[in-house]
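*Asks:* Below is a structure I'd like to ask you about.
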Amino acid sequence: MELVLGNPGPGGWGAILMCGEHKKEISGSQPDTTNNVMELTAIIEALKSIKFPCSIKVYSDSAYVINGFTQGWIYNWMKKNWKTADGSPVKNKDLWQTLYQFTQVHKIEFIKVKGHSDNAYNNRCDELARKAILTLS
């Protein structure tokens, strides 16, 4: 989950890692960023916390990130040397490449959840992101 105050502007991200009964919350912020950077960063930072290859379900309210994999955008960008359908450079290429590298280590299923709804985990990630932004002051 990400939150940016102004786009671009100060931004935060939060993630919850769960395995069985274990749960770990992580978050971070950047003083000048975009919502898309924070969305990618949340997932990348969560995946960095996983110490060995495994099967993972990534739940996110980010259509940008989820569709990047479920609709094959990333694979098309790679085939086109990191160009979009209109030939422009893919934004956040470095983050997309990092996230792709994790898909080569882990079996990852990307699942879209509705943002700002009754999903307790998504709401908690939003809260973590908001608190992370406050640390910038």
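By convention here, the chains of the structure tokens are called A, B, ... in the order presented, each chain's residues are numbered starting at 1, and ligands are numbered starting at 1 in the order presented.
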Tell me, which residues of chain A carry DSSP strand (DSSP E), written as a PyMOL selection string?
*Replies:* chain A and resi 2-4+9-19+22-33+55-60+107-112
*Asks:* Output N, CA and C atoms for every residue in the selection just made, as an mmCIF file, in the first residue's frame.
*Replies:*
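Generated output (selection24.cif):
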```cif
data_model
loop_
_atom_site.group_PDB
_atom_site.id
_atom_site.type_symbol
_atom_site.label_atom_id
_atom_site.label_comp_id
_atom_site.auth_asym_id
_atom_site.auth_seq_id
_atom_site.Cartn_x
_atom_site.Cartn_y
_atom_site.Cartn_z
ATOM 1 N N GLU A 2 0.463 2.248 -0.729
ATOM 2 C CA GLU A 2 1.221 3.492 -0.810
ATOM 3 C C GLU A 2 0.324 4.677 -0.510
ATOM 4 N N LEU A 3 0.973 5.759 -0.187
ATOM 5 C CA LEU A 3 0.255 7.005 0.012
ATOM 6 C C LEU A 3 1.207 8.126 -0.355
ATOM 7 N N VAL A 4 0.760 9.054 -1.202
ATOM 8 C CA VAL A 4 1.571 10.203 -1.590
ATOM 9 C C VAL A 4 0.731 11.454 -1.375
ATOM 10 N N GLY A 9 5.258 14.097 -4.472
ATOM 11 C CA GLY A 9 5.285 14.716 -3.158
ATOM 12 C C GLY A 9 5.817 13.731 -2.145
ATOM 13 N N PRO A 10 5.680 14.040 -0.866
ATOM 14 C CA PRO A 10 6.103 13.100 0.170
ATOM 15 C C PRO A 10 5.247 11.840 0.096
ATOM 16 N N GLY A 11 5.885 10.685 0.208
ATOM 17 C CA GLY A 11 5.140 9.438 0.082
ATOM 18 C C GLY A 11 5.572 8.398 1.085
ATOM 19 N N GLY A 12 4.671 7.485 1.350
ATOM 20 C CA GLY A 12 4.954 6.383 2.268
ATOM 21 C C GLY A 12 4.395 5.091 1.739
ATOM 22 N N TRP A 13 4.915 4.011 2.275
ATOM 23 C CA TRP A 13 4.422 2.688 1.911
ATOM 24 C C TRP A 13 4.372 1.826 3.171
ATOM 25 N N GLY A 14 3.515 0.828 3.130
ATOM 26 C CA GLY A 14 3.427 -0.132 4.222
ATOM 27 C C GLY A 14 3.133 -1.507 3.672
ATOM 28 N N ALA A 15 3.608 -2.514 4.377
ATOM 29 C CA ALA A 15 3.363 -3.900 3.966
ATOM 30 C C ALA A 15 3.263 -4.776 5.201
ATOM 31 N N ILE A 16 2.499 -5.826 5.064
ATOM 32 C CA ILE A 16 2.368 -6.824 6.126
ATOM 33 C C ILE A 16 2.764 -8.164 5.535
ATOM 34 N N LEU A 17 3.733 -8.811 6.151
ATOM 35 C CA LEU A 17 4.151 -10.141 5.726
ATOM 36 C C LEU A 17 3.547 -11.139 6.698
ATOM 37 N N MET A 18 2.917 -12.191 6.155
ATOM 38 C CA MET A 18 2.293 -13.189 7.005
ATOM 39 C C MET A 18 2.679 -14.582 6.532
ATOM 40 N N CYS A 19 3.001 -15.427 7.508
ATOM 41 C CA CYS A 19 3.283 -16.834 7.249
ATOM 42 C C CYS A 19 2.797 -17.613 8.455
ATOM 43 N N HIS A 22 2.745 -16.164 12.084
ATOM 44 C CA HIS A 22 3.713 -15.073 12.157
ATOM 45 C C HIS A 22 3.275 -13.902 11.278
ATOM 46 N N LYS A 23 3.484 -12.696 11.802
ATOM 47 C CA LYS A 23 3.126 -11.487 11.074
ATOM 48 C C LYS A 23 4.191 -10.431 11.344
ATOM 49 N N LYS A 24 4.621 -9.738 10.285
ATOM 50 C CA LYS A 24 5.609 -8.677 10.412
ATOM 51 C C LYS A 24 5.138 -7.486 9.603
ATOM 52 N N GLU A 25 5.165 -6.302 10.214
ATOM 53 C CA GLU A 25 4.780 -5.072 9.530
ATOM 54 C C GLU A 25 6.033 -4.272 9.216
ATOM 55 N N ILE A 26 6.106 -3.738 7.987
ATOM 56 C CA ILE A 26 7.225 -2.898 7.582
ATOM 57 C C ILE A 26 6.679 -1.670 6.869
ATOM 58 N N SER A 27 7.464 -0.601 6.882
ATOM 59 C CA SER A 27 7.027 0.623 6.205
ATOM 60 C C SER A 27 8.240 1.502 5.934
ATOM 61 N N GLY A 28 8.015 2.515 5.109
ATOM 62 C CA GLY A 28 9.073 3.452 4.792
ATOM 63 C C GLY A 28 8.493 4.657 4.078
ATOM 64 N N SER A 29 9.359 5.621 3.794
ATOM 65 C CA SER A 29 8.890 6.843 3.150
ATOM 66 C C SER A 29 10.001 7.461 2.320
ATOM 67 N N GLN A 30 9.603 8.375 1.442
ATOM 68 C CA GLN A 30 10.526 9.167 0.643
ATOM 69 C C GLN A 30 9.976 10.592 0.590
ATOM 70 N N PRO A 31 10.882 11.584 0.641
ATOM 71 C CA PRO A 31 10.410 12.970 0.689
ATOM 72 C C PRO A 31 9.798 13.486 -0.609
ATOM 73 N N ASP A 32 10.198 12.925 -1.748
ATOM 74 C CA ASP A 32 9.686 13.397 -3.041
ATOM 75 C C ASP A 32 9.552 12.205 -3.972
ATOM 76 N N THR A 33 8.337 11.747 -4.160
ATOM 77 C CA THR A 33 8.117 10.506 -4.899
ATOM 78 C C THR A 33 6.751 10.531 -5.572
ATOM 79 N N SER A 55 6.485 -19.942 -2.297
ATOM 80 C CA SER A 55 5.273 -19.487 -2.978
ATOM 81 C C SER A 55 4.683 -18.335 -2.180
ATOM 82 N N ILE A 56 4.350 -17.264 -2.885
ATOM 83 C CA ILE A 56 3.911 -16.039 -2.218
ATOM 84 C C ILE A 56 2.650 -15.515 -2.902
ATOM 85 N N LYS A 57 1.727 -15.035 -2.096
ATOM 86 C CA LYS A 57 0.571 -14.304 -2.620
ATOM 87 C C LYS A 57 0.765 -12.844 -2.256
ATOM 88 N N VAL A 58 0.814 -11.982 -3.268
ATOM 89 C CA VAL A 58 0.945 -10.546 -3.065
ATOM 90 C C VAL A 58 -0.427 -9.926 -3.294
ATOM 91 N N TYR A 59 -0.975 -9.334 -2.230
ATOM 92 C CA TYR A 59 -2.248 -8.635 -2.311
ATOM 93 C C TYR A 59 -1.950 -7.146 -2.359
ATOM 94 N N SER A 60 -2.524 -6.448 -3.324
ATOM 95 C CA SER A 60 -2.292 -5.015 -3.446
ATOM 96 C C SER A 60 -3.527 -4.346 -4.036
ATOM 97 N N LYS A 107 7.761 -18.079 -6.475
ATOM 98 C CA LYS A 107 6.521 -18.260 -7.241
ATOM 99 C C LYS A 107 5.531 -17.254 -6.655
ATOM 100 N N ILE A 108 5.221 -16.204 -7.429
ATOM 101 C CA ILE A 108 4.403 -15.110 -6.908
ATOM 102 C C ILE A 108 3.075 -15.039 -7.645
ATOM 103 N N GLU A 109 2.006 -15.000 -6.880
ATOM 104 C CA GLU A 109 0.668 -14.766 -7.414
ATOM 105 C C GLU A 109 0.270 -13.346 -7.017
ATOM 106 N N PHE A 110 -0.068 -12.522 -8.012
ATOM 107 C CA PHE A 110 -0.454 -11.137 -7.769
ATOM 108 C C PHE A 110 -1.977 -11.053 -7.737
ATOM 109 N N ILE A 111 -2.517 -10.514 -6.643
ATOM 110 C CA ILE A 111 -3.960 -10.471 -6.422
ATOM 111 C C ILE A 111 -4.386 -9.041 -6.117
ATOM 112 N N LYS A 112 -5.355 -8.544 -6.861
ATOM 113 C CA LYS A 112 -5.868 -7.179 -6.687
ATOM 114 C C LYS A 112 -6.928 -7.169 -5.596
#
```
*Asks:* Could you name the residues that touch Asn92 in chain A at 9 Å or less, counting only C-alpha atoms, but leaving out those on the same chain fewer than 5 positions away, as an mmCIF file with N, CA and C atoms, in the first residue's frame?
*Replies:*
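Saved result, result18.cif, follows:
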```
data_model
loop_
_atom_site.group_PDB
_atom_site.id
_atom_site.type_symbol
_atom_site.label_atom_id
_atom_site.label_comp_id
_atom_site.auth_asym_id
_atom_site.auth_seq_id
_atom_site.Cartn_x
_atom_site.Cartn_y
_atom_site.Cartn_z
ATOM 1 N N ASN A 36 3.101 5.602 -7.853
ATOM 2 C CA ASN A 36 3.555 4.383 -8.516
ATOM 3 C C ASN A 36 4.874 3.884 -7.945
ATOM 4 N N VAL A 37 5.785 4.796 -7.633
ATOM 5 C CA VAL A 37 7.055 4.392 -7.015
ATOM 6 C C VAL A 37 6.792 3.752 -5.658
ATOM 7 N N LEU A 40 5.294 0.137 -6.062
ATOM 8 C CA LEU A 40 6.337 -0.830 -6.398
ATOM 9 C C LEU A 40 7.263 -1.069 -5.209
ATOM 10 N N GLN A 97 12.258 -3.865 -12.979
ATOM 11 C CA GLN A 97 13.283 -4.897 -13.168
ATOM 12 C C GLN A 97 13.590 -5.610 -11.852
#
```
*Asks:* Restricting the calculation to only C-alpha atoms: of A:Glu127, A:Asn81, A:Val65, A:His106, which residue gets closest to Met38 in chain A?
*Replies:*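 Ranking A:Glu127, A:Asn81, A:Val65, A:His106 by distance to Met38 in chain A, first place goes to A:Val65.
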*Asks:* So which residues of chain A fall under helix (DSSP H, G or I) by DSSP, listed as a ChimeraX atom specification?
*Replies:* /A:35-48,63-70,73-79,93-105,120-134
*Asks:* Which is closest to Val113 in chain A among A:Glu39, A:Trp77, A:Glu45, A:Ser62, if we use only C-alpha atoms?
*Replies:*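 Ranked by minimum distance to Val113 in chain A, first place goes to A:Ser62.
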*Asks:* Have a look at A:Ala85, A:Ile74, A:Leu95, A:Asn7 and name the one nearest to Ile43 in chain A; count only C-alpha atoms.
*Replies:*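 The closest residue to Ile43 in chain A is A:Leu95.
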